[in-house]
Amino acid sequence: MPRSFHAPIAILLGAVAATGFAPLNLWPLLLIGLAGLATLVADAPRWRTAAWRAWCWGLGHFTVNNNWFQHAFDFQDKMPPVLGYVAAVALALYLAVFPAMAAALAWGMAGRGRRRRSDPAFVLAFGAAWIATEWLRAVLFTGYAWDPVAVTWLPVIGVARLAAWIGTYALSGLTVLVAGAIWLAARGRWHPVAGAAAAVGLAALSAPLTRAPEPAPGAPLVRAVQPNIGQDQRGEDDAEPMLRALIRMSGKPGPVPRLVLWPEGVIRDPLEDRLPLYAYQGRWPWITRARMAEVLGPRDLLLTGTTPLRFNAKEDLVGAANSVQALGPDARLLARYDKAHLVPYGEYLPLPWLLKPLGLARLIPGDIDFDAGPGPRSLTLPGFGSVGVQICYEIIFSGQVVDRAHRPRFLFNPSTDAWFGRWGPPQHLAQARLRAIEEGLPIVRSTPTGISAIIAADGRLIATVPHEQAGAAEAPLPPALAPTFFARLGNWLALLIGTVLAIAAVAVRRRAR
């Protein structure tokens with residue numbers, strides 16, 4: 001093949017691989033895309049060539065996979081929407097560095113050049129390097145953990161449930177091994193692909209054995225409300241229409257305790273007392289809380305996204321938080337969680353001294369950056385026990401979503417996916433399902449426009465509200481499982497499995513000599 005063809009073929013293979021994720025879920029194409037990447041990398045004459053080809057693959061992959069990123073710019077009046085297309089490609093230019101790093105590492109570990117390379121060693125090294133670089137992508141510069149390779153297995157739920165044992169990043173590495181087995185089969189080595197197919201088949205068939213139990217009789221109800229009010233309908237005067245919609249869709253109290261769940265950021269009016277009077281703008285907090293409490297029975301509670309404000313001693317507004325607050329039937333505030341993992345360029349502007357003079361601004365309207373919370377912690381709610389909260393994209397960070405000292409009964413994941421176009425919401429939901437599997441905890445999602453869902457501790461969808469439809473998902477709260485192997489050891493398992501694969505690669509390479 002002419003060398004000039006390698007870069008466009010790599011870009012095409014990366015784009016094809018992106019269709020393996022939601023909303024298309026064509027997971028065999030991800031394996032084919034990764035197998036094609038293995039071919040290009042393994043046949044490279046130098047490590048720089050291997051890295052370049054993998055970078056091109058990443059460019060195609062992340063541009064398609066993150067195409068929803070452009071949509072966020074449609075709601076920012078300080079920057080033109082067309083800049084969103086530039087931003088989506090710019091993000092891909094950066095994210096492509098991580099497959100390039102994995103390729104360079106694997107090429108170097110497996111042998112320098114085609115004649116001295118061991119093909120099985122390369123596959124093992126590629127799996128190990130992928131684990132390391134995918135984890136690095138999730139932590140470097142605050143991290144961007146969106147759509148790890150492992151999430152593609154959710155349509156084959158038995159395979160996805162391996163994440164309860166080894167975690168997301170290790171499962172991604174094993175997925176690269178499966179793709180590597182396909183590459184070896186193309187080279188006439190059928191034993192690895194037969195073994196990989198048998199392992200995937202057994203994991204898929206194990207799904208009935210790893211199913212979580214059903215809720216116990218009398219379990220409390222959870223009701224996730226989705227008002228279907230998009231970002232194009234939000235503004236400075238949307239507080240009253242939003243509150244009326246949320247109240248209307250919150251249902252009626254019944255004999256069973258209910259936990260009513262509203263999305264991220266839907267209540268913009270301050271709910272706290274004793275703020276400067278100008279902060280309320282005539283919408284007094286005790287009246288707002290009383291109206292919210294009207295939907296609650298005597299044993300019900302409400303969790304809602306809010307934006308608490310912070311003032312200094314001179315009563316100047318100096319900060320805000322992206323929060324979830326709990327409200328009781330007596331209209332009192334009971335608990336609060338502040339988002340800790342803030343979105344750069346969304347909830348704060350990095351390097352403002354540099355970016356503001358260039359005309360860049362946050363994607364979320366406003367000039368005040370959000371304050372970061374202390375990290376995962378559980379809220380103790382009367383009648384419902386311990387509840388964990390992860391706001392919006394906090395849920396995508398494997399191993400960082402649970403207060404280990406106070407394991408919750410379930411996780412509440414309110415979000416505002418109206419920014420994410422059509423591809424973002426199903427991808428976000430898929431990653432929440434993988435967190436449920438990893439931690440053995442149910443997760444309930446409430447979003448303004450979808451996809452709201454109640455997720456069992458084994459990753460099954462119990463109830464959903466489709467994208468861009470108004471409604472509510474209501475069901476008995478699914479039970480939590482005992483702490484999974486991953487919940488106990490976390491991403492140390494990724495380090496362990498990655499190390500084992502790397503050692504095996506070196507051993508196989510030496511034996512091949």
# chains A, B, ... in the order shown; residues from 1 in each chain; ligands from 1
call {"tool": "select_by_dssp", "arguments": {"residues": "stretch 303-492 of chain A", "states": "strand (DSSP E)", "output": "PDB file with N, CA and C atoms, in the first residue's frame"}}
result
ATOM      1  N   LEU A 303     -35.096  15.896  45.691  1.00  0.00           N
ATOM      2  CA  LEU A 303     -33.722  16.280  45.368  1.00  0.00           C
ATOM      3  C   LEU A 303     -33.752  17.058  44.066  1.00  0.00           C
ATOM      4  N   THR A 304     -33.181  18.236  44.073  1.00  0.00           N
ATOM      5  CA  THR A 304     -33.219  19.071  42.880  1.00  0.00           C
ATOM      6  C   THR A 304     -31.890  19.767  42.632  1.00  0.00           C
ATOM      7  N   GLY A 305     -31.589  19.966  41.359  1.00  0.00           N
ATOM      8  CA  GLY A 305     -30.432  20.767  41.003  1.00  0.00           C
ATOM      9  C   GLY A 305     -30.687  22.243  41.281  1.00  0.00           C
ATOM     10  N   THR A 306     -29.705  22.907  41.853  1.00  0.00           N
ATOM     11  CA  THR A 306     -29.819  24.322  42.192  1.00  0.00           C
ATOM     12  C   THR A 306     -28.495  25.020  41.883  1.00  0.00           C
ATOM     13  N   LEU A 309     -25.726  30.803  45.506  1.00  0.00           N
ATOM     14  CA  LEU A 309     -24.845  31.951  45.295  1.00  0.00           C
ATOM     15  C   LEU A 309     -24.002  32.216  46.539  1.00  0.00           C
ATOM     16  N   ARG A 310     -22.818  32.789  46.326  1.00  0.00           N
ATOM     17  CA  ARG A 310     -21.915  33.119  47.435  1.00  0.00           C
ATOM     18  C   ARG A 310     -21.597  34.614  47.380  1.00  0.00           C
ATOM     19  N   PHE A 311     -21.747  35.273  48.547  1.00  0.00           N
ATOM     20  CA  PHE A 311     -21.529  36.711  48.645  1.00  0.00           C
ATOM     21  C   PHE A 311     -20.430  36.990  49.662  1.00  0.00           C
ATOM     22  N   LEU A 317     -21.687  39.671  44.930  1.00  0.00           N
ATOM     23  CA  LEU A 317     -21.707  38.299  44.431  1.00  0.00           C
ATOM     24  C   LEU A 317     -20.298  37.914  43.978  1.00  0.00           C
ATOM     25  N   VAL A 318     -19.735  36.873  44.573  1.00  0.00           N
ATOM     26  CA  VAL A 318     -18.356  36.491  44.261  1.00  0.00           C
ATOM     27  C   VAL A 318     -18.224  35.047  43.796  1.00  0.00           C
ATOM     28  N   GLY A 319     -19.288  34.254  43.865  1.00  0.00           N
ATOM     29  CA  GLY A 319     -19.172  32.872  43.455  1.00  0.00           C
ATOM     30  C   GLY A 319     -20.520  32.183  43.416  1.00  0.00           C
ATOM     31  N   ALA A 320     -20.531  30.986  42.839  1.00  0.00           N
ATOM     32  CA  ALA A 320     -21.738  30.170  42.758  1.00  0.00           C
ATOM     33  C   ALA A 320     -21.310  28.712  42.769  1.00  0.00           C
ATOM     34  N   SER A 323     -25.134  22.640  42.356  1.00  0.00           N
ATOM     35  CA  SER A 323     -25.449  21.853  43.552  1.00  0.00           C
ATOM     36  C   SER A 323     -26.703  21.020  43.375  1.00  0.00           C
ATOM     37  N   VAL A 324     -26.857  20.070  44.291  1.00  0.00           N
ATOM     38  CA  VAL A 324     -28.114  19.357  44.514  1.00  0.00           C
ATOM     39  C   VAL A 324     -28.501  19.594  45.965  1.00  0.00           C
ATOM     40  N   GLN A 325     -29.758  19.997  46.173  1.00  0.00           N
ATOM     41  CA  GLN A 325     -30.246  20.231  47.522  1.00  0.00           C
ATOM     42  C   GLN A 325     -31.468  19.358  47.782  1.00  0.00           C
ATOM     43  N   ALA A 326     -31.574  18.903  49.023  1.00  0.00           N
ATOM     44  CA  ALA A 326     -32.683  18.057  49.443  1.00  0.00           C
ATOM     45  C   ALA A 326     -33.709  18.901  50.182  1.00  0.00           C
ATOM     46  N   LEU A 327     -34.984  18.676  49.865  1.00  0.00           N
ATOM     47  CA  LEU A 327     -36.080  19.429  50.465  1.00  0.00           C
ATOM     48  C   LEU A 327     -37.075  18.452  51.082  1.00  0.00           C
ATOM     49  N   LEU A 333     -34.771  22.887  53.889  1.00  0.00           N
ATOM     50  CA  LEU A 333     -33.622  22.305  53.220  1.00  0.00           C
ATOM     51  C   LEU A 333     -32.913  21.359  54.174  1.00  0.00           C
ATOM     52  N   LEU A 334     -32.610  20.147  53.700  1.00  0.00           N
ATOM     53  CA  LEU A 334     -32.062  19.102  54.568  1.00  0.00           C
ATOM     54  C   LEU A 334     -30.582  18.821  54.318  1.00  0.00           C
ATOM     55  N   ALA A 335     -30.132  18.934  53.090  1.00  0.00           N
ATOM     56  CA  ALA A 335     -28.743  18.556  52.771  1.00  0.00           C
ATOM     57  C   ALA A 335     -28.376  19.186  51.440  1.00  0.00           C
ATOM     58  N   ARG A 336     -27.060  19.232  51.173  1.00  0.00           N
ATOM     59  CA  ARG A 336     -26.577  19.843  49.934  1.00  0.00           C
ATOM     60  C   ARG A 336     -25.288  19.169  49.491  1.00  0.00           C
ATOM     61  N   TYR A 337     -25.178  18.956  48.191  1.00  0.00           N
ATOM     62  CA  TYR A 337     -23.952  18.462  47.563  1.00  0.00           C
ATOM     63  C   TYR A 337     -23.533  19.471  46.502  1.00  0.00           C
ATOM     64  N   ASP A 338     -22.251  19.844  46.497  1.00  0.00           N
ATOM     65  CA  ASP A 338     -21.694  20.755  45.494  1.00  0.00           C
ATOM     66  C   ASP A 338     -20.812  19.971  44.528  1.00  0.00           C
ATOM     67  N   SER A 378     -21.715  11.220  50.550  1.00  0.00           N
ATOM     68  CA  SER A 378     -23.087  10.741  50.607  1.00  0.00           C
ATOM     69  C   SER A 378     -23.928  11.652  51.487  1.00  0.00           C
ATOM     70  N   LEU A 379     -25.169  11.851  51.082  1.00  0.00           N
ATOM     71  CA  LEU A 379     -26.136  12.615  51.854  1.00  0.00           C
ATOM     72  C   LEU A 379     -27.029  11.634  52.608  1.00  0.00           C
ATOM     73  N   THR A 380     -27.245  11.883  53.885  1.00  0.00           N
ATOM     74  CA  THR A 380     -28.133  11.043  54.685  1.00  0.00           C
ATOM     75  C   THR A 380     -29.519  11.674  54.684  1.00  0.00           C
ATOM     76  N   LEU A 381     -30.484  10.971  54.098  1.00  0.00           N
ATOM     77  CA  LEU A 381     -31.831  11.492  53.944  1.00  0.00           C
ATOM     78  C   LEU A 381     -32.806  10.665  54.783  1.00  0.00           C
ATOM     79  N   GLY A 385     -32.061   6.735  53.704  1.00  0.00           N
ATOM     80  CA  GLY A 385     -30.696   6.323  53.973  1.00  0.00           C
ATOM     81  C   GLY A 385     -29.672   7.182  53.272  1.00  0.00           C
ATOM     82  N   SER A 386     -28.572   6.559  52.889  1.00  0.00           N
ATOM     83  CA  SER A 386     -27.435   7.268  52.303  1.00  0.00           C
ATOM     84  C   SER A 386     -27.583   7.343  50.787  1.00  0.00           C
ATOM     85  N   VAL A 387     -27.485   8.557  50.254  1.00  0.00           N
ATOM     86  CA  VAL A 387     -27.640   8.783  48.817  1.00  0.00           C
ATOM     87  C   VAL A 387     -26.403   9.502  48.302  1.00  0.00           C
ATOM     88  N   GLY A 388     -25.776   8.952  47.271  1.00  0.00           N
ATOM     89  CA  GLY A 388     -24.643   9.611  46.630  1.00  0.00           C
ATOM     90  C   GLY A 388     -25.111  10.485  45.482  1.00  0.00           C
ATOM     91  N   VAL A 389     -24.371  11.518  45.188  1.00  0.00           N
ATOM     92  CA  VAL A 389     -24.709  12.437  44.097  1.00  0.00           C
ATOM     93  C   VAL A 389     -23.479  12.624  43.218  1.00  0.00           C
ATOM     94  N   PHE A 410     -27.765   4.351  46.622  1.00  0.00           N
ATOM     95  CA  PHE A 410     -27.785   4.532  45.175  1.00  0.00           C
ATOM     96  C   PHE A 410     -27.136   5.871  44.856  1.00  0.00           C
ATOM     97  N   LEU A 411     -26.905   6.115  43.563  1.00  0.00           N
ATOM     98  CA  LEU A 411     -26.330   7.376  43.090  1.00  0.00           C
ATOM     99  C   LEU A 411     -27.387   8.143  42.304  1.00  0.00           C
ATOM    100  N   PHE A 412     -27.482   9.436  42.578  1.00  0.00           N
ATOM    101  CA  PHE A 412     -28.329  10.338  41.802  1.00  0.00           C
ATOM    102  C   PHE A 412     -27.432  11.125  40.860  1.00  0.00           C
ATOM    103  N   ASN A 413     -27.756  11.074  39.572  1.00  0.00           N
ATOM    104  CA  ASN A 413     -26.946  11.741  38.544  1.00  0.00           C
ATOM    105  C   ASN A 413     -27.810  12.729  37.758  1.00  0.00           C
ATOM    106  N   PRO A 414     -28.062  13.930  38.327  1.00  0.00           N
ATOM    107  CA  PRO A 414     -28.776  14.942  37.558  1.00  0.00           C
ATOM    108  C   PRO A 414     -27.852  15.537  36.507  1.00  0.00           C
ATOM    109  N   ILE A 443     -28.342   3.652  39.757  1.00  0.00           N
ATOM    110  CA  ILE A 443     -28.146   5.060  39.420  1.00  0.00           C
ATOM    111  C   ILE A 443     -29.446   5.589  38.832  1.00  0.00           C
ATOM    112  N   VAL A 444     -29.845   6.763  39.284  1.00  0.00           N
ATOM    113  CA  VAL A 444     -31.036   7.419  38.746  1.00  0.00           C
ATOM    114  C   VAL A 444     -30.600   8.729  38.105  1.00  0.00           C
ATOM    115  N   ARG A 445     -30.983   8.916  36.844  1.00  0.00           N
ATOM    116  CA  ARG A 445     -30.624  10.121  36.092  1.00  0.00           C
ATOM    117  C   ARG A 445     -31.878  10.943  35.831  1.00  0.00           C
ATOM    118  N   SER A 446     -31.783  12.255  36.038  1.00  0.00           N
ATOM    119  CA  SER A 446     -32.851  13.180  35.701  1.00  0.00           C
ATOM    120  C   SER A 446     -32.248  14.320  34.903  1.00  0.00           C
ATOM    121  N   SER A 452     -33.484  10.612  30.740  1.00  0.00           N
ATOM    122  CA  SER A 452     -33.643  10.303  32.154  1.00  0.00           C
ATOM    123  C   SER A 452     -33.876   8.798  32.286  1.00  0.00           C
ATOM    124  N   ALA A 453     -33.384   8.221  33.384  1.00  0.00           N
ATOM    125  CA  ALA A 453     -33.455   6.762  33.493  1.00  0.00           C
ATOM    126  C   ALA A 453     -33.270   6.310  34.929  1.00  0.00           C
ATOM    127  N   ILE A 454     -33.806   5.139  35.206  1.00  0.00           N
ATOM    128  CA  ILE A 454     -33.536   4.408  36.444  1.00  0.00           C
ATOM    129  C   ILE A 454     -32.750   3.165  36.044  1.00  0.00           C
ATOM    130  N   ILE A 455     -31.547   3.043  36.569  1.00  0.00           N
ATOM    131  CA  ILE A 455     -30.598   2.003  36.160  1.00  0.00           C
ATOM    132  C   ILE A 455     -30.374   1.050  37.330  1.00  0.00           C
ATOM    133  N   LEU A 461     -31.558  -1.140  32.246  1.00  0.00           N
ATOM    134  CA  LEU A 461     -32.447   0.015  32.283  1.00  0.00           C
ATOM    135  C   LEU A 461     -33.813  -0.431  32.796  1.00  0.00           C
ATOM    136  N   ILE A 462     -34.214   0.107  33.948  1.00  0.00           N
ATOM    137  CA  ILE A 462     -35.499  -0.236  34.541  1.00  0.00           C
ATOM    138  C   ILE A 462     -36.611   0.625  33.954  1.00  0.00           C
ATOM    139  N   ALA A 463     -36.344   1.912  33.801  1.00  0.00           N
ATOM    140  CA  ALA A 463     -37.322   2.841  33.231  1.00  0.00           C
ATOM    141  C   ALA A 463     -36.562   3.997  32.607  1.00  0.00           C
ATOM    142  N   THR A 464     -37.082   4.509  31.497  1.00  0.00           N
ATOM    143  CA  THR A 464     -36.440   5.638  30.813  1.00  0.00           C
ATOM    144  C   THR A 464     -37.508   6.592  30.283  1.00  0.00           C
ATOM    145  N   VAL A 465     -37.090   7.831  30.046  1.00  0.00           N
ATOM    146  CA  VAL A 465     -37.884   8.802  29.301  1.00  0.00           C
ATOM    147  C   VAL A 465     -37.068   9.139  28.053  1.00  0.00           C
ATOM    148  N   GLY A 471     -41.828  13.774  30.458  1.00  0.00           N
ATOM    149  CA  GLY A 471     -42.321  12.607  31.175  1.00  0.00           C
ATOM    150  C   GLY A 471     -41.585  12.416  32.472  1.00  0.00           C
ATOM    151  N   ALA A 472     -41.802  11.273  33.075  1.00  0.00           N
ATOM    152  CA  ALA A 472     -41.130  10.924  34.324  1.00  0.00           C
ATOM    153  C   ALA A 472     -40.894   9.427  34.352  1.00  0.00           C
ATOM    154  N   ALA A 473     -39.733   9.030  34.793  1.00  0.00           N
ATOM    155  CA  ALA A 473     -39.409   7.617  35.006  1.00  0.00           C
ATOM    156  C   ALA A 473     -39.627   7.312  36.479  1.00  0.00           C
ATOM    157  N   GLU A 474     -40.519   6.379  36.773  1.00  0.00           N
ATOM    158  CA  GLU A 474     -40.831   6.051  38.161  1.00  0.00           C
ATOM    159  C   GLU A 474     -40.813   4.542  38.337  1.00  0.00           C
ATOM    160  N   ALA A 475     -40.202   4.094  39.414  1.00  0.00           N
ATOM    161  CA  ALA A 475     -40.120   2.669  39.710  1.00  0.00           C
ATOM    162  C   ALA A 475     -39.670   2.507  41.161  1.00  0.00           C
ATOM    163  N   PRO A 476     -39.923   1.331  41.755  1.00  0.00           N
ATOM    164  CA  PRO A 476     -39.328   1.060  43.068  1.00  0.00           C
ATOM    165  C   PRO A 476     -37.815   1.137  42.985  1.00  0.00           C
TER     166      PRO A 476
END
call {"tool": "residues_around", "arguments": {"residues": "stretch 296-298 of chain A", "least_positions_apart": "3", "cutoff": "8 Å", "atoms": "only C-alpha atoms", "output": "list in words"}}
result
Lys252, Pro253, Gly254, Pro257, Arg258, Met292, Ala293, Leu301, Leu302, Gly328 and Pro329 of chain A
call {"tool": "residues_around", "arguments": {"residues": "A:Ala504", "least_positions_apart": "4", "cutoff": "8 Å", "atoms": "only C-alpha atoms", "output": "VMD selection string"}}
result
chain A and resid 121 124 500 508
call {"tool": "residues_around", "arguments": {"residues": "A:Gly265", "least_positions_apart": "2", "cutoff": "12 Å", "atoms": "only C-alpha atoms", "output": "PDB file with C-alpha atoms, in the first residue's frame"}}
result
ATOM      1  CA  ILE A 229     -37.279  22.268  28.327  1.00  0.00           C
ATOM      2  CA  GLN A 231     -31.450  25.338  26.304  1.00  0.00           C
ATOM      3  CA  ARG A 234     -33.951  28.880  28.918  1.00  0.00           C
ATOM      4  CA  ASP A 238     -37.621  30.988  32.690  1.00  0.00           C
ATOM      5  CA  ALA A 239     -37.852  30.394  36.457  1.00  0.00           C
ATOM      6  CA  MET A 242     -39.703  25.740  34.659  1.00  0.00           C
ATOM      7  CA  LEU A 243     -41.043  25.472  38.213  1.00  0.00           C
ATOM      8  CA  TRP A 262     -35.386  17.046  39.416  1.00  0.00           C
ATOM      9  CA  PRO A 263     -32.574  17.751  36.907  1.00  0.00           C
ATOM     10  CA  ILE A 267     -33.980  25.875  40.046  1.00  0.00           C
ATOM     11  CA  ARG A 268     -32.131  29.150  39.570  1.00  0.00           C
ATOM     12  CA  ASP A 269     -33.965  31.081  42.271  1.00  0.00           C
ATOM     13  CA  PRO A 270     -32.033  31.074  45.556  1.00  0.00           C
ATOM     14  CA  LEU A 303     -33.722  16.280  45.368  1.00  0.00           C
ATOM     15  CA  THR A 304     -33.219  19.071  42.880  1.00  0.00           C
ATOM     16  CA  GLY A 305     -30.432  20.767  41.003  1.00  0.00           C
ATOM     17  CA  THR A 306     -29.819  24.322  42.192  1.00  0.00           C
ATOM     18  CA  THR A 307     -27.300  27.145  41.796  1.00  0.00           C
ATOM     19  CA  PRO A 308     -26.520  28.547  45.274  1.00  0.00           C
ATOM     20  CA  ALA A 320     -21.738  30.170  42.758  1.00  0.00           C
ATOM     21  CA  ALA A 321     -21.996  26.402  42.991  1.00  0.00           C
ATOM     22  CA  ASN A 322     -23.569  23.712  40.849  1.00  0.00           C
ATOM     23  CA  SER A 323     -25.449  21.853  43.552  1.00  0.00           C
ATOM     24  CA  VAL A 324     -28.114  19.357  44.514  1.00  0.00           C
ATOM     25  CA  GLN A 325     -30.246  20.231  47.522  1.00  0.00           C
ATOM     26  CA  ASP A 338     -21.694  20.755  45.494  1.00  0.00           C
ATOM     27  CA  LYS A 339     -20.236  19.513  42.230  1.00  0.00           C
ATOM     28  CA  GLU A 347     -18.254  25.982  34.602  1.00  0.00           C
ATOM     29  CA  ILE A 364     -22.420  28.421  30.099  1.00  0.00           C
ATOM     30  CA  ILE A 391     -23.696  15.913  38.847  1.00  0.00           C
ATOM     31  CA  CYS A 392     -23.590  15.713  35.053  1.00  0.00           C
ATOM     32  CA  PRO A 414     -28.776  14.942  37.558  1.00  0.00           C
ATOM     33  CA  SER A 415     -27.581  16.416  34.295  1.00  0.00           C
ATOM     34  CA  THR A 416     -28.272  19.039  31.649  1.00  0.00           C
ATOM     35  CA  ASP A 417     -27.774  17.064  28.451  1.00  0.00           C
ATOM     36  CA  ALA A 418     -29.624  19.640  26.353  1.00  0.00           C
ATOM     37  CA  SER A 446     -32.851  13.180  35.701  1.00  0.00           C
ATOM     38  CA  THR A 447     -32.253  15.588  32.823  1.00  0.00           C
ATOM     39  CA  PRO A 448     -34.289  18.438  31.308  1.00  0.00           C
TER      40      PRO A 448
END
call {"tool": "closest_residue", "arguments": {"among": "A:Tyr393, A:Phe384, A:Phe126, A:Phe485", "to": "A:Met109", "atoms": "only C-alpha atoms"}}
result
A:Phe126
call {"tool": "residues_around", "arguments": {"residues": "A:Trp57", "least_positions_apart": "5", "cutoff": "9 Å", "atoms": "only C-alpha atoms", "output": "ChimeraX atom specification"}}
result
/A:7-15,33,37,52,62,96,99-100
call {"tool": "write_last_selection", "arguments": {"atoms": "N, CA and C atoms", "output": "compact mmCIF listing (two decimals), in the first residue's frame"}}
result
# COMPACT_ATOMS: atom_id res chain seq x y z
N ALA A 7 -2.46 7.55 6.15
CA ALA A 7 -3.13 8.54 7.00
C ALA A 7 -4.63 8.59 6.74
N PRO A 8 -5.10 8.72 5.47
CA PRO A 8 -6.55 8.74 5.27
C PRO A 8 -7.24 7.44 5.66
N ILE A 9 -6.57 6.32 5.46
CA ILE A 9 -7.16 5.04 5.87
C ILE A 9 -7.28 4.98 7.39
N ALA A 10 -6.27 5.48 8.09
CA ALA A 10 -6.33 5.51 9.55
C ALA A 10 -7.47 6.40 10.03
N ILE A 11 -7.64 7.57 9.41
CA ILE A 11 -8.74 8.46 9.79
C ILE A 11 -10.08 7.77 9.57
N LEU A 12 -10.21 7.09 8.43
CA LEU A 12 -11.46 6.39 8.12
C LEU A 12 -11.72 5.26 9.12
N LEU A 13 -10.70 4.50 9.46
CA LEU A 13 -10.86 3.42 10.44
C LEU A 13 -11.27 3.97 11.80
N GLY A 14 -10.71 5.10 12.20
CA GLY A 14 -11.09 5.71 13.46
C GLY A 14 -12.54 6.15 13.45
N ALA A 15 -12.97 6.74 12.33
CA ALA A 15 -14.36 7.17 12.22
C ALA A 15 -15.31 5.98 12.26
N GLY A 33 -12.35 -1.55 13.58
CA GLY A 33 -11.53 -0.33 13.53
C GLY A 33 -10.25 -0.47 14.33
N LEU A 37 -6.35 -0.54 13.08
CA LEU A 37 -5.31 0.27 13.71
C LEU A 37 -4.10 -0.59 14.06
N TRP A 52 2.21 8.36 14.43
CA TRP A 52 1.51 9.21 13.48
C TRP A 52 0.24 8.54 12.95
N PHE A 62 -12.24 10.53 17.37
CA PHE A 62 -12.78 11.49 18.33
C PHE A 62 -13.57 12.61 17.66
N ALA A 96 -6.39 12.67 20.20
CA ALA A 96 -5.70 11.70 19.36
C ALA A 96 -4.29 11.40 19.85
N PRO A 99 -4.18 7.63 21.72
CA PRO A 99 -3.90 6.45 20.90
C PRO A 99 -2.50 6.46 20.31
N ALA A 100 -1.98 7.65 19.98
CA ALA A 100 -0.62 7.73 19.44
C ALA A 100 0.40 7.26 20.48
call {"tool": "residues_around", "arguments": {"residues": "A:Leu481", "least_positions_apart": "4", "cutoff": "7 Å", "atoms": "only C-alpha atoms", "output": "PyMOL selection string"}}
result
chain A and resi 440-441+457
call {"tool": "write_last_selection", "arguments": {"atoms": "C-alpha atoms", "output": "tab-separated table (two decimals), in the first residue's frame"}}
result
chain	number	residue	atom	x	y	z
A	440	GLY	CA	-22.81	-2.43	42.08
A	441	LEU	CA	-25.09	0.54	42.77
A	457	ALA	CA	-27.03	-2.15	39.88
call {"tool": "residues_around", "arguments": {"residues": "A:Ala432", "least_positions_apart": "3", "cutoff": "8 Å", "atoms": "only C-alpha atoms", "output": "number ranges by chain"}}
result
A: 395-396, 428-429, 435-436, 443
call {"tool": "atom_distance", "arguments": {"atom1": "atom CA of A:Ser250", "atom2": "atom CA of A:Gly424"}}
result
25.5 Å
call {"tool": "atom_distance", "arguments": {"atom1": "atom CA of A:Val159", "atom2": "atom CA of A:Ala203"}}
result
5.0 Å
call {"tool": "closest_residue", "arguments": {"among": "A:Arg289, A:Arg46, A:Arg161, A:His6", "to": "A:Arg460", "atoms": "only C-alpha atoms"}}
result
A:Arg161
call {"tool": "select_by_dssp", "arguments": {"residues": "stretch 38-230 of chain A", "states": "helix (DSSP H, G or I)", "output": "MDAnalysis selection string"}}
result
chainID A and resid 38:42 47:65 67:75 83:95 97:110 119:142 149:153 157:160 163:166 168:186 190:205 207:210
call {"tool": "atom_distance", "arguments": {"atom1": "atom CA of A:Val86", "atom2": "atom CA of A:Val64"}}
result
13.1 Å
call {"tool": "closest_residue", "arguments": {"among": "A:Ala44, A:Ala372, A:Ala245, A:Leu489", "to": "A:Pro344", "atoms": "only C-alpha atoms"}}
result
A:Ala372
